[in-house]
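*Asks:* One file is attached below, run_15.cif, containing mmCIF, C-alpha atoms and all ligand atoms.
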data_protein
#
loop_
_atom_site.group_PDB
_atom_site.id
_atom_site.type_symbol
_atom_site.label_atom_id
_atom_site.label_comp_id
_atom_site.auth_asym_id
_atom_site.auth_seq_id
_atom_site.Cartn_x
_atom_site.Cartn_y
_atom_site.Cartn_z
ATOM 1 C CA MET M 1 0.000 0.000 0.000
ATOM 2 C CA SER M 2 1.315 3.461 -0.847
ATOM 3 C CA THR M 3 -0.096 6.915 -0.196
ATOM 4 C CA GLU M 4 1.016 9.152 -3.053
ATOM 5 C CA ALA M 5 -2.427 9.979 -4.465
ATOM 6 C CA VAL M 6 -3.879 13.162 -3.006
ATOM 7 C CA ALA M 7 -7.659 13.748 -2.762
ATOM 8 C CA ASN M 8 -9.005 17.079 -1.395
ATOM 9 C CA GLY M 9 -5.561 17.948 -0.102
ATOM 10 C CA ARG M 10 -5.312 14.736 1.926
ATOM 11 C CA PRO M 11 -3.263 11.662 1.041
ATOM 12 C CA ARG M 12 -5.491 8.839 -0.249
ATOM 13 C CA PRO M 13 -4.206 5.282 0.088
ATOM 14 C CA THR M 14 -3.678 3.620 -3.274
ATOM 15 C CA ILE M 15 -2.965 0.041 -4.130
ATOM 16 C CA ARG M 16 -0.460 -0.357 -6.918
ATOM 17 C CA PRO M 17 -1.594 -2.597 -9.800
ATOM 18 C CA TRP M 18 0.513 -5.661 -10.605
ATOM 19 C CA ALA M 19 1.987 -6.457 -14.022
ATOM 20 C CA LEU M 20 3.193 -9.993 -14.778
ATOM 21 C CA ILE M 21 5.776 -9.999 -17.577
ATOM 22 C CA THR M 22 7.122 -13.164 -19.196
ATOM 23 C CA GLY M 23 10.571 -13.119 -20.782
ATOM 24 C CA ALA M 24 11.580 -10.304 -18.439
ATOM 25 C CA SER M 25 15.241 -11.357 -18.195
ATOM 26 C CA ALA M 26 16.259 -9.610 -21.429
ATOM 27 C CA GLY M 27 15.262 -7.408 -24.350
ATOM 28 C CA LEU M 28 11.657 -6.273 -24.701
ATOM 29 C CA GLY M 29 10.541 -7.968 -21.472
ATOM 30 C CA ALA M 30 13.123 -6.116 -19.375
ATOM 31 C CA GLU M 31 12.049 -2.892 -21.072
ATOM 32 C CA PHE M 32 8.361 -3.583 -20.346
ATOM 33 C CA ALA M 33 9.356 -4.111 -16.706
ATOM 34 C CA THR M 34 11.199 -0.778 -16.649
ATOM 35 C CA GLN M 35 8.375 1.177 -18.267
ATOM 36 C CA TYR M 36 5.694 -0.410 -16.075
ATOM 37 C CA ALA M 37 7.796 0.293 -12.972
ATOM 38 C CA ALA M 38 8.040 3.922 -14.132
ATOM 39 C CA ARG M 39 4.228 3.935 -14.365
ATOM 40 C CA GLY M 40 4.026 2.790 -10.724
ATOM 41 C CA PHE M 41 3.154 -0.873 -11.260
ATOM 42 C CA ASN M 42 4.353 -3.648 -8.961
ATOM 43 C CA LEU M 43 5.992 -6.375 -11.046
ATOM 44 C CA VAL M 44 6.129 -10.146 -11.352
ATOM 45 C CA LEU M 45 9.135 -11.047 -13.502
ATOM 46 C CA VAL M 46 9.125 -14.444 -15.222
ATOM 47 C CA ALA M 47 11.912 -16.153 -17.224
ATOM 48 C CA ARG M 48 14.323 -19.064 -16.747
ATOM 49 C CA ARG M 49 17.429 -17.075 -15.707
ATOM 50 C CA ARG M 50 16.921 -16.217 -12.044
ATOM 51 C CA GLU M 51 20.125 -14.161 -11.725
ATOM 52 C CA ARG M 52 19.068 -11.898 -14.605
ATOM 53 C CA LEU M 53 15.638 -11.338 -13.030
ATOM 54 C CA GLU M 54 17.215 -10.577 -9.655
ATOM 55 C CA ALA M 55 19.626 -8.091 -11.233
ATOM 56 C CA LEU M 56 16.707 -6.362 -12.976
ATOM 57 C CA ALA M 57 14.695 -6.287 -9.740
ATOM 58 C CA GLN M 58 17.691 -4.623 -8.079
ATOM 59 C CA ALA M 59 18.043 -2.100 -10.913
ATOM 60 C CA LEU M 60 14.355 -1.154 -10.595
ATOM 61 C CA ASN M 61 14.654 -0.522 -6.839
ATOM 62 C CA HIS M 62 14.615 3.250 -7.211
ATOM 63 C CA TYR M 63 11.052 3.206 -8.605
ATOM 64 C CA GLY M 64 9.840 2.118 -5.158
ATOM 65 C CA VAL M 65 7.588 -0.634 -6.539
ATOM 66 C CA ALA M 66 7.427 -4.243 -5.346
ATOM 67 C CA VAL M 67 9.199 -6.693 -7.660
ATOM 68 C CA LEU M 68 8.631 -10.422 -7.378
ATOM 69 C CA VAL M 69 11.054 -12.718 -9.199
ATOM 70 C CA GLN M 70 9.488 -15.950 -10.474
ATOM 71 C CA PRO M 71 12.024 -18.119 -12.339
ATOM 72 C CA ALA M 72 10.098 -20.532 -14.574
ATOM 73 C CA ASP M 73 10.384 -22.431 -17.836
ATOM 74 C CA LEU M 74 7.360 -21.823 -20.058
ATOM 75 C CA ALA M 75 8.189 -24.950 -22.068
ATOM 76 C CA ASP M 76 6.888 -26.830 -19.018
ATOM 77 C CA SER M 77 3.118 -27.131 -19.454
ATOM 78 C CA ALA M 78 2.625 -26.923 -15.670
ATOM 79 C CA THR M 79 4.186 -23.431 -15.450
ATOM 80 C CA PRO M 80 1.075 -21.275 -16.100
ATOM 81 C CA ASP M 81 -0.943 -23.052 -13.388
ATOM 82 C CA ARG M 82 2.024 -22.864 -11.000
ATOM 83 C CA LEU M 83 2.421 -19.142 -11.602
ATOM 84 C CA HIS M 84 -1.283 -18.538 -11.076
ATOM 85 C CA ALA M 85 -1.278 -20.594 -7.866
ATOM 86 C CA ALA M 86 1.802 -18.703 -6.609
ATOM 87 C CA MET M 87 0.023 -15.382 -7.190
ATOM 88 C CA LYS M 88 -3.135 -16.602 -5.429
ATOM 89 C CA ALA M 89 -1.094 -17.848 -2.456
ATOM 90 C CA GLN M 90 0.382 -14.355 -2.048
ATOM 91 C CA GLY M 91 -2.912 -12.542 -2.577
ATOM 92 C CA ILE M 92 -1.650 -10.899 -5.772
ATOM 93 C CA GLU M 93 -4.210 -10.066 -8.471
ATOM 94 C CA ILE M 94 -2.692 -9.416 -11.874
ATOM 95 C CA ASP M 95 -3.934 -6.264 -13.598
ATOM 96 C CA THR M 96 -1.607 -6.482 -16.610
ATOM 97 C CA LEU M 97 -0.324 -9.625 -18.301
ATOM 98 C CA VAL M 98 2.497 -9.253 -20.832
ATOM 99 C CA ASN M 99 3.022 -12.454 -22.830
ATOM 100 C CA ASN M 100 6.426 -11.552 -24.198
ATOM 101 C CA ALA M 101 8.706 -14.605 -23.794
ATOM 102 C CA GLY M 102 9.777 -15.985 -27.128
ATOM 103 C CA TYR M 103 12.583 -17.149 -29.358
ATOM 104 C CA GLY M 104 13.277 -18.341 -32.878
ATOM 105 C CA VAL M 105 14.344 -21.738 -34.135
ATOM 106 C CA PRO M 106 16.543 -21.419 -37.228
ATOM 107 C CA GLY M 107 16.483 -23.721 -40.261
ATOM 108 C CA SER M 108 13.847 -25.824 -41.952
ATOM 109 C CA PHE M 109 10.970 -27.681 -40.277
ATOM 110 C CA MET M 110 12.502 -31.124 -40.777
ATOM 111 C CA SER M 111 15.986 -30.072 -39.622
ATOM 112 C CA GLN M 112 14.800 -30.065 -36.001
ATOM 113 C CA VAL M 113 13.995 -32.904 -33.616
ATOM 114 C CA TRP M 114 10.346 -33.252 -32.551
ATOM 115 C CA ARG M 115 11.070 -32.127 -28.971
ATOM 116 C CA THR M 116 12.185 -28.729 -30.295
ATOM 117 C CA HIS M 117 8.828 -28.219 -31.993
ATOM 118 C CA VAL M 118 6.865 -29.394 -28.942
ATOM 119 C CA ASP M 119 8.714 -26.959 -26.651
ATOM 120 C CA PHE M 120 8.354 -24.131 -29.159
ATOM 121 C CA GLN M 121 4.593 -24.686 -29.453
ATOM 122 C CA GLN M 122 4.328 -24.745 -25.660
ATOM 123 C CA VAL M 123 6.215 -21.468 -25.121
ATOM 124 C CA MET M 124 4.876 -19.519 -28.105
ATOM 125 C CA VAL M 125 1.232 -20.672 -28.155
ATOM 126 C CA ASN M 126 0.012 -22.945 -25.354
ATOM 127 C CA SER M 127 1.513 -20.978 -22.460
ATOM 128 C CA VAL M 128 -0.037 -17.776 -23.844
ATOM 129 C CA ILE M 129 -3.487 -19.398 -23.966
ATOM 130 C CA ALA M 130 -3.063 -20.897 -20.498
ATOM 131 C CA LEU M 131 -1.862 -17.662 -18.861
ATOM 132 C CA CYS M 132 -4.754 -15.730 -20.420
ATOM 133 C CA PHE M 133 -7.226 -18.400 -19.306
ATOM 134 C CA ARG M 134 -5.937 -18.327 -15.727
ATOM 135 C CA PHE M 135 -5.654 -14.553 -15.250
ATOM 136 C CA ILE M 136 -8.686 -13.245 -17.203
ATOM 137 C CA PRO M 137 -11.328 -14.298 -14.598
ATOM 138 C CA GLU M 138 -9.921 -11.960 -11.933
ATOM 139 C CA MET M 139 -9.657 -9.152 -14.494
ATOM 140 C CA GLN M 140 -13.306 -9.760 -15.399
ATOM 141 C CA GLN M 141 -14.290 -9.639 -11.738
ATOM 142 C CA ARG M 142 -12.684 -6.208 -11.396
ATOM 143 C CA ALA M 143 -13.937 -5.154 -14.874
ATOM 144 C CA GLN M 144 -10.391 -3.966 -15.516
ATOM 145 C CA GLY M 145 -7.236 -5.416 -16.987
ATOM 146 C CA THR M 146 -4.732 -5.392 -19.816
ATOM 147 C CA ILE M 147 -3.166 -8.149 -21.884
ATOM 148 C CA ILE M 148 -0.224 -7.461 -24.189
ATOM 149 C CA ASN M 149 0.793 -10.290 -26.491
ATOM 150 C CA VAL M 150 4.165 -9.637 -28.093
ATOM 151 C CA ALA M 151 3.762 -10.986 -31.626
ATOM 152 C CA SER M 152 5.873 -9.884 -34.609
ATOM 153 C CA LEU M 153 5.762 -8.167 -37.974
ATOM 154 C CA ALA M 154 6.630 -11.674 -39.245
ATOM 155 C CA GLY M 155 3.047 -12.658 -38.415
ATOM 156 C CA LEU M 156 1.762 -10.110 -40.923
ATOM 157 C CA MET M 157 4.228 -10.872 -43.736
ATOM 158 C CA PRO M 158 3.755 -13.361 -46.602
ATOM 159 C CA ALA M 159 4.999 -16.857 -45.756
ATOM 160 C CA SER M 160 8.463 -17.994 -46.801
ATOM 161 C CA ALA M 161 10.782 -20.943 -46.121
ATOM 162 C CA GLY M 162 12.827 -21.297 -42.928
ATOM 163 C CA HIS M 163 12.223 -20.780 -39.177
ATOM 164 C CA THR M 164 8.996 -22.522 -40.126
ATOM 165 C CA LEU M 165 6.906 -22.348 -36.940
ATOM 166 C CA TYR M 166 7.846 -18.789 -35.958
ATOM 167 C CA ALA M 167 5.733 -16.685 -38.355
ATOM 168 C CA PRO M 168 2.677 -18.980 -37.976
ATOM 169 C CA SER M 169 2.917 -18.747 -34.174
ATOM 170 C CA LYS M 170 2.962 -14.948 -34.409
ATOM 171 C CA ALA M 171 0.126 -14.859 -37.001
ATOM 172 C CA TRP M 172 -1.880 -16.994 -34.580
ATOM 173 C CA MET M 173 -1.023 -14.656 -31.723
ATOM 174 C CA ILE M 174 -2.263 -11.601 -33.630
ATOM 175 C CA LYS M 175 -5.583 -13.250 -34.530
ATOM 176 C CA PHE M 176 -6.010 -14.644 -31.009
ATOM 177 C CA SER M 177 -5.393 -11.189 -29.522
ATOM 178 C CA GLU M 178 -7.948 -9.603 -31.845
ATOM 179 C CA CYS M 179 -10.630 -12.216 -31.060
ATOM 180 C CA LEU M 180 -9.939 -11.923 -27.327
ATOM 181 C CA GLY M 181 -9.859 -8.125 -27.575
ATOM 182 C CA HIS M 182 -13.332 -8.025 -29.136
ATOM 183 C CA GLU M 183 -14.697 -10.417 -26.498
ATOM 184 C CA LEU M 184 -13.174 -8.627 -23.534
ATOM 185 C CA LYS M 185 -13.516 -4.956 -24.509
ATOM 186 C CA PRO M 186 -17.129 -4.741 -23.207
ATOM 187 C CA ARG M 187 -15.807 -6.150 -19.910
ATOM 188 C CA GLY M 188 -13.239 -3.405 -19.443
ATOM 189 C CA ILE M 189 -10.210 -5.482 -20.482
ATOM 190 C CA ARG M 190 -7.836 -4.216 -23.179
ATOM 191 C CA VAL M 191 -5.893 -6.633 -25.385
ATOM 192 C CA LEU M 192 -3.039 -5.621 -27.661
ATOM 193 C CA ALA M 193 -0.960 -7.581 -30.164
ATOM 194 C CA LEU M 194 2.387 -5.794 -30.434
ATOM 195 C CA CYS M 195 4.121 -6.595 -33.744
ATOM 196 C CA PRO M 196 7.732 -5.367 -33.741
ATOM 197 C CA GLY M 197 10.028 -5.593 -36.728
ATOM 198 C CA PHE M 198 13.794 -5.983 -36.271
ATOM 199 C CA THR M 199 14.638 -4.889 -32.735
ATOM 200 C CA TYR M 200 18.016 -4.743 -30.963
ATOM 201 C CA THR M 201 17.705 -7.397 -28.196
ATOM 202 C CA GLU M 202 19.301 -10.796 -27.541
ATOM 203 C CA PHE M 203 16.803 -12.512 -29.856
ATOM 204 C CA HIS M 204 19.177 -12.906 -32.816
ATOM 205 C CA ASP M 205 22.076 -13.963 -30.541
ATOM 206 C CA GLN M 206 19.922 -16.696 -28.996
ATOM 207 C CA ASN M 207 18.966 -18.182 -32.379
ATOM 208 C CA GLY M 208 22.417 -17.773 -33.905
ATOM 209 C CA MET M 209 21.323 -15.301 -36.601
ATOM 210 C CA ARG M 210 23.294 -12.243 -35.424
ATOM 211 C CA ALA M 211 25.977 -12.465 -38.146
ATOM 212 C CA LEU M 212 23.384 -12.709 -40.934
ATOM 213 C CA VAL M 213 20.992 -10.004 -39.738
ATOM 214 C CA SER M 214 23.772 -7.571 -38.820
ATOM 215 C CA ARG M 215 24.258 -7.123 -42.588
ATOM 216 C CA LEU M 216 20.820 -5.464 -42.718
ATOM 217 C CA PRO M 217 20.825 -1.664 -42.810
ATOM 218 C CA GLY M 218 20.521 0.169 -39.496
ATOM 219 C CA TRP M 219 17.338 1.994 -40.557
ATOM 220 C CA LEU M 220 15.473 -1.349 -40.463
ATOM 221 C CA TRP M 221 16.085 -1.651 -36.726
ATOM 222 C CA MET M 222 14.382 -0.225 -33.649
ATOM 223 C CA THR M 223 15.452 -0.227 -30.008
ATOM 224 C CA ALA M 224 13.522 -1.985 -27.222
ATOM 225 C CA PRO M 225 12.561 1.356 -25.560
ATOM 226 C CA GLU M 226 11.146 2.611 -28.895
ATOM 227 C CA VAL M 227 9.091 -0.567 -29.401
ATOM 228 C CA VAL M 228 7.684 -0.689 -25.863
ATOM 229 C CA THR M 229 6.914 3.043 -25.815
ATOM 230 C CA ALA M 230 4.997 2.655 -29.098
ATOM 231 C CA GLY M 231 3.138 -0.374 -27.732
ATOM 232 C CA LEU M 232 2.040 1.324 -24.520
ATOM 233 C CA ALA M 233 0.986 4.456 -26.428
ATOM 234 C CA ALA M 234 -1.081 2.329 -28.840
ATOM 235 C CA LEU M 235 -2.723 0.612 -25.887
ATOM 236 C CA ASP M 236 -3.548 3.982 -24.320
ATOM 237 C CA HIS M 237 -5.222 4.910 -27.635
ATOM 238 C CA GLY M 238 -7.340 1.735 -27.636
ATOM 239 C CA ALA M 239 -5.545 -0.094 -30.472
ATOM 240 C CA MET M 240 -5.785 -3.892 -30.693
ATOM 241 C CA VAL M 241 -2.796 -4.323 -33.023
ATOM 242 C CA CYS M 242 0.314 -2.150 -32.987
ATOM 243 C CA VAL M 243 3.096 -2.267 -35.566
ATOM 244 C CA PRO M 244 5.771 0.038 -34.127
ATOM 245 C CA GLY M 245 7.788 2.222 -36.503
ATOM 246 C CA LEU M 246 6.749 3.976 -39.710
ATOM 247 C CA LEU M 247 8.768 1.672 -41.965
ATOM 248 C CA ASN M 248 7.308 -1.473 -40.391
ATOM 249 C CA ARG M 249 3.775 -0.056 -40.724
ATOM 250 C CA LEU M 250 4.456 0.747 -44.362
ATOM 251 C CA LEU M 251 5.670 -2.811 -45.000
ATOM 252 C CA ALA M 252 2.590 -4.262 -43.306
ATOM 253 C CA VAL M 253 0.315 -2.144 -45.523
ATOM 254 C CA VAL M 254 2.238 -2.726 -48.787
ATOM 255 C CA VAL M 255 2.070 -6.541 -48.517
ATOM 256 C CA ARG M 256 -1.700 -6.259 -48.031
ATOM 257 C CA VAL M 257 -2.378 -4.040 -51.018
ATOM 258 C CA ILE M 258 -0.059 -5.480 -53.694
ATOM 259 C CA PRO M 259 -1.105 -8.698 -55.525
ATOM 260 C CA ALA M 260 -0.536 -11.775 -53.347
ATOM 261 C CA ARG M 261 1.721 -13.455 -55.945
ATOM 262 C CA LEU M 262 3.987 -10.405 -56.051
ATOM 263 C CA ALA M 263 4.080 -10.175 -52.238
ATOM 264 C CA HIS M 264 5.059 -13.855 -51.967
ATOM 265 C CA ALA M 265 7.694 -13.536 -54.708
ATOM 266 C CA LEU M 266 9.282 -10.492 -53.008
ATOM 267 C CA SER M 267 9.182 -12.185 -49.618
ATOM 268 C CA ALA M 268 10.755 -15.387 -51.006
ATOM 269 C CA ARG M 269 13.536 -13.346 -52.674
ATOM 270 C CA ARG M 270 14.469 -11.563 -49.397
ATOM 271 C CA ALA M 271 13.999 -14.619 -47.096
ATOM 272 C CA SER M 272 17.625 -15.744 -47.269
ATOM 273 C CA ASP M 273 18.724 -12.294 -45.980
ATOM 274 C CA ILE M 274 17.009 -12.943 -42.656
ATOM 275 C CA ARG M 275 16.444 -16.707 -42.361
ATOM 276 C CA ARG M 276 18.239 -20.020 -42.596
ATOM 277 C CA THR M 277 16.412 -22.581 -44.688
ATOM 278 C CA ASP M 278 18.818 -25.554 -44.418
HETATM 279 N N1 LIG M 301 14.061 -8.837 -31.364
HETATM 280 C C1 LIG M 301 13.331 -8.841 -32.453
HETATM 281 O O1 LIG M 301 13.803 -8.487 -33.572
HETATM 282 C C2 LIG M 301 11.879 -9.251 -32.390
HETATM 283 C C3 LIG M 301 11.047 -8.925 -33.469
HETATM 284 C C4 LIG M 301 9.710 -9.275 -33.410
HETATM 285 C C5 LIG M 301 9.211 -9.937 -32.302
HETATM 286 N N2 LIG M 301 10.028 -10.258 -31.269
HETATM 287 C C6 LIG M 301 9.431 -10.970 -30.132
HETATM 288 O O2 LIG M 301 9.682 -10.239 -28.950
HETATM 289 C C7 LIG M 301 9.602 -11.113 -27.817
HETATM 290 C C8 LIG M 301 10.757 -10.813 -26.889
HETATM 291 O O3 LIG M 301 11.967 -11.170 -27.545
HETATM 292 P P1 LIG M 301 13.286 -10.269 -27.455
HETATM 293 O O4 LIG M 301 13.517 -9.705 -28.790
HETATM 294 O O5 LIG M 301 13.220 -9.387 -26.279
HETATM 295 O O6 LIG M 301 14.356 -11.453 -27.266
HETATM 296 P P2 LIG M 301 15.376 -11.783 -26.059
HETATM 297 O O7 LIG M 301 16.172 -10.565 -25.727
HETATM 298 O O8 LIG M 301 16.106 -13.003 -26.519
HETATM 299 O O9 LIG M 301 14.417 -12.121 -24.838
HETATM 300 C C9 LIG M 301 13.614 -13.283 -24.862
HETATM 301 C C10 LIG M 301 13.054 -13.538 -23.481
HETATM 302 O O10 LIG M 301 12.224 -14.729 -23.523
HETATM 303 C C11 LIG M 301 12.590 -15.553 -22.436
HETATM 304 N N3 LIG M 301 12.339 -16.967 -22.726
HETATM 305 C C12 LIG M 301 12.756 -17.673 -23.808
HETATM 306 N N4 LIG M 301 12.411 -18.962 -23.677
HETATM 307 C C13 LIG M 301 11.756 -19.082 -22.479
HETATM 308 C C14 LIG M 301 11.192 -20.163 -21.762
HETATM 309 N N5 LIG M 301 11.227 -21.424 -22.233
HETATM 310 N N6 LIG M 301 10.610 -19.921 -20.558
HETATM 311 C C15 LIG M 301 10.597 -18.674 -20.056
HETATM 312 N N7 LIG M 301 11.125 -17.598 -20.671
HETATM 313 C C16 LIG M 301 11.710 -17.809 -21.878
HETATM 314 C C17 LIG M 301 14.086 -15.280 -22.214
HETATM 315 O O11 LIG M 301 14.448 -15.555 -20.858
HETATM 316 P P3 LIG M 301 15.313 -16.799 -20.332
HETATM 317 O O12 LIG M 301 16.280 -17.179 -21.409
HETATM 318 O O13 LIG M 301 15.961 -16.250 -19.092
HETATM 319 O O14 LIG M 301 14.304 -17.857 -20.029
HETATM 320 C C18 LIG M 301 14.135 -13.770 -22.446
HETATM 321 O O15 LIG M 301 13.781 -13.091 -21.265
HETATM 322 C C19 LIG M 301 9.588 -12.530 -28.388
HETATM 323 O O16 LIG M 301 8.287 -13.060 -28.300
HETATM 324 C C20 LIG M 301 10.004 -12.356 -29.835
HETATM 325 O O17 LIG M 301 9.463 -13.342 -30.667
HETATM 326 C C21 LIG M 301 11.354 -9.928 -31.278
#
Could you write out this structure as structure tokens?
Ligand SMILES: NC(=O)c1ccc[n+]([C@@H]2O[C@H](COP(=O)([O-])OP(=O)(O)OC[C@H]3O[C@@H](n4cnc5c(N)ncnc54)[C@H](OP(=O)(O)O)[C@@H]3O)[C@@H](O)[C@H]2O)c1

*Replies:*
Amino acid sequence: MSTEAVANGRPRPTIRPWALITGASAGLGAEFATQYAARGFNLVLVARRRERLEALAQALNHYGVAVLVQPADLADSATPDRLHAAMKAQGIEIDTLVNNAGYGVPGSFMSQVWRTHVDFQQVMVNSVIALCFRFIPEMQQRAQGTIINVASLAGLMPASAGHTLYAPSKAWMIKFSECLGHELKPRGIRVLALCPGFTYTEFHDQNGMRALVSRLPGWLWMTAPEVVTAGLAALDHGAMVCVPGLLNRLLAVVVRVIPARLAHALSARRASDIRRTD
């Protein structure tokens, strides 16, 4: 409980809302944590690397918000229920859920072992559904809440070979967010699909694509603070889908308005600049 809000000249007790952010140990997730802390939210930070989450919690100390570190692997199908139970046990109601954790698997579909695909599906799709399913009821009860699903511009682009499950998982995420957004808007809950293009984070180091994508021109890239700031502004304006950056928005529009065959041909021609197809 804090007492910063002032009503009629007297301090009024306020309860800080809680934001639960997955993939908070790096990149966009760490930036979401920073910007939500700056907005006065208490935080639940989720990712596998405990030491990274603890370092971030320490770095956010000066905002004076509570930060709870919850190391967890979202490839484990039990994680969403465990997280929800842990929140319930501590009397924490989540106001804002940021489904941000994610990664890419390079190469072709058949170059990977089955386990890789199962884990990917669990992190990128199933855990998102499960976390929404668990945390929406309490948002509905309060007639207030926010869900941000971090998708990708890749989910709006024509399909091409390589990294085969990534773009479909993000296309799914965008459509899921829109359906959920329409359902939940009358109940006071906002849902946003955030669709970044190339962003400077650890994403391309984790999937081994840094050398290839660093040949792309700098004007194609955005920083994590730029992406998150655009996402939160879009949410404040009631958007359900946000493509941050003028160039990315232009790309998303162009592939919709040009003939599909041309869009696919262009996409196929550029695919080897950004993907491995072996
Ligand atoms: N960077 C880009 O160019 C770009 C573009 C479009 C969309 N995106 C999307 O943005 C989101 C954030 O990625 P980023 O760019 O910030 O990449 P990042 O810097 O590599 O961060 C990814 C985060 O996801 C977490 N994560 C990965 N696997 C996990 C698992 N099994 N369980 C729990 N947490 C897991 C990582 O934490 P641990 O390793 O500690 O678990 C890390 O905190 C992703 O959904 C990504 O698809 C990124």

*Asks:* List as JSON, numbers by chain the protein and nucleic acid residues near Ala263 (chain M), meaning an atom at most 12 Å away when all atoms listed in the file are counted, but skip any in the same chain fewer than 3 places from it.

*Replies:* {"M": [156, 157, 158, 159, 160, 251, 252, 253, 254, 255, 256, 257, 258, 259, 260, 266, 267, 268, 269, 270]}

*Asks:* For the structure shown, which residues end up in the PyMOL selection byres (((chain M and resi 50) around 9) and not hetatm)? Put them as a PyMOL selection string, please?

*Replies:* chain M and resi 25+46-49+51-55+69-72

*Asks:* What does the structure give for the distance between CA of Leu216 (chain M) and CA of Ile274 (chain M), in Å to one decimal?

*Replies:*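 Here the two named atoms are 8.4 Å from each other.
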
*Asks:* Can you tell me, as JSON, the centre and edge lengths (Å, one decimal) of the axis-aligned box enclosing all of ligand LIG 301 (chain M)'s listed atoms after padding each side by 6 Å?

*Replies:*
{"center_x": 12.3, "center_y": -15.0, "center_z": -26.3, "size_x": 20.0, "size_y": 24.9, "size_z": 26.5}

*Asks:* Between M:Ala171, M:Ala19, M:Ala37, M:Met209, which is the closest to Ser152 (chain M) once you count all atoms listed in the file?

*Replies:* M:Ala171

*Asks:* If the PyMOL selection byres (((not hetatm)) within 8 of (chain M and resi 301)) is run on the structure shown, which residues does it catch, given as a compact mmCIF listing (two decimals) with C-alpha atoms, in the coordinates of the input?

*Replies:*
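Here's the written file out_35.txt:
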# COMPACT_ATOMS: atom_id res chain seq x y z
CA THR M 22 7.12 -13.16 -19.20
CA GLY M 23 10.57 -13.12 -20.78
CA ALA M 24 11.58 -10.30 -18.44
CA SER M 25 15.24 -11.36 -18.20
CA ALA M 26 16.26 -9.61 -21.43
CA GLY M 27 15.26 -7.41 -24.35
CA LEU M 28 11.66 -6.27 -24.70
CA GLY M 29 10.54 -7.97 -21.47
CA ALA M 30 13.12 -6.12 -19.38
CA VAL M 46 9.12 -14.44 -15.22
CA ALA M 47 11.91 -16.15 -17.22
CA ARG M 48 14.32 -19.06 -16.75
CA ARG M 49 17.43 -17.08 -15.71
CA ARG M 50 16.92 -16.22 -12.04
CA ARG M 52 19.07 -11.90 -14.60
CA LEU M 53 15.64 -11.34 -13.03
CA PRO M 71 12.02 -18.12 -12.34
CA ALA M 72 10.10 -20.53 -14.57
CA ASP M 73 10.38 -22.43 -17.84
CA LEU M 74 7.36 -21.82 -20.06
CA ALA M 75 8.19 -24.95 -22.07
CA ASP M 76 6.89 -26.83 -19.02
CA ASN M 99 3.02 -12.45 -22.83
CA ASN M 100 6.43 -11.55 -24.20
CA ALA M 101 8.71 -14.60 -23.79
CA GLY M 102 9.78 -15.98 -27.13
CA TYR M 103 12.58 -17.15 -29.36
CA GLY M 104 13.28 -18.34 -32.88
CA ASP M 119 8.71 -26.96 -26.65
CA PHE M 120 8.35 -24.13 -29.16
CA VAL M 123 6.22 -21.47 -25.12
CA MET M 124 4.88 -19.52 -28.10
CA VAL M 150 4.16 -9.64 -28.09
CA ALA M 151 3.76 -10.99 -31.63
CA SER M 152 5.87 -9.88 -34.61
CA LEU M 153 5.76 -8.17 -37.97
CA ALA M 154 6.63 -11.67 -39.24
CA TYR M 166 7.85 -18.79 -35.96
CA LYS M 170 2.96 -14.95 -34.41
CA CYS M 195 4.12 -6.60 -33.74
CA PRO M 196 7.73 -5.37 -33.74
CA GLY M 197 10.03 -5.59 -36.73
CA PHE M 198 13.79 -5.98 -36.27
CA THR M 199 14.64 -4.89 -32.74
CA TYR M 200 18.02 -4.74 -30.96
CA THR M 201 17.70 -7.40 -28.20
CA GLU M 202 19.30 -10.80 -27.54
CA PHE M 203 16.80 -12.51 -29.86
CA HIS M 204 19.18 -12.91 -32.82
CA ASP M 205 22.08 -13.96 -30.54
CA GLN M 206 19.92 -16.70 -29.00
CA TRP M 221 16.08 -1.65 -36.73
CA ALA M 224 13.52 -1.98 -27.22

*Asks:* Expressed in Å to a single decimal, how great is the separation between CA of Met110 (chain M) and CA of Ser177 (chain M)?

*Replies:*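 Going from CA of Met110 (chain M) over to CA of Ser177 (chain M), I get 29.1 Å.
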
*Asks:* Rounded to one decimal place, report the CA of Cys242 (chain M)-CA of Val227 (chain M) distance in Å.

*Replies:* 9.6 Å

*Asks:* Decode the PyMOL selection byres (((chain M and resi 16) around 6) and not hetatm) for the given file into explicit residues and return them as a count of residues only.

*Replies:* 3

*Asks:* Which residue, M:Asn248, M:Asn61, M:Thr116, M:Thr164, has the smallest gap to Arg275 (chain M) when you use all atoms listed in the file?

*Replies:*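 For Arg275 (chain M), the nearest of the given residues is M:Thr164.
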
*Asks:* Counting only C-alpha atoms, which residue out of M:Gly208, M:Gly181, M:Gly40, M:Pro225 sits closest to Trp18 (chain M)?

*Replies:* M:Gly40

*Asks:* For each of M:Gly238, M:Gly218, M:Gly188, M:Gly162, take the minimum atom-to-atom distance to Gln141 (chain M), counting all atoms listed in the file, then give the residue where this is smallest.

*Replies:*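 Closest residue, counting all atoms listed in the file: M:Gly188.
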
*Asks:* May I ask which of the residues M:Ile21, M:Ala193, M:Ala130, M:Ala161 is the closest one to Thr96 (chain M), counting only C-alpha atoms?

*Replies:*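 Ranked by minimum distance to Thr96 (chain M), first place goes to M:Ile21.
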
*Asks:* Point out the residue among M:Pro80, M:Gln112, M:Pro244, M:Arg210 with the least atom-to-atom distance to Thr223 (chain M), counting only C-alpha atoms.

*Replies:* M:Pro244

*Asks:* Just the residues within 12 Å of Ile92 (chain M), please, counting only C-alpha atoms, with nothing from its chain fewer than 2 positions along; format it as a PyMOL selection string.

*Replies:* chain M and resi 15-20+42-44+66-68+83-90+94-96+135+138-139
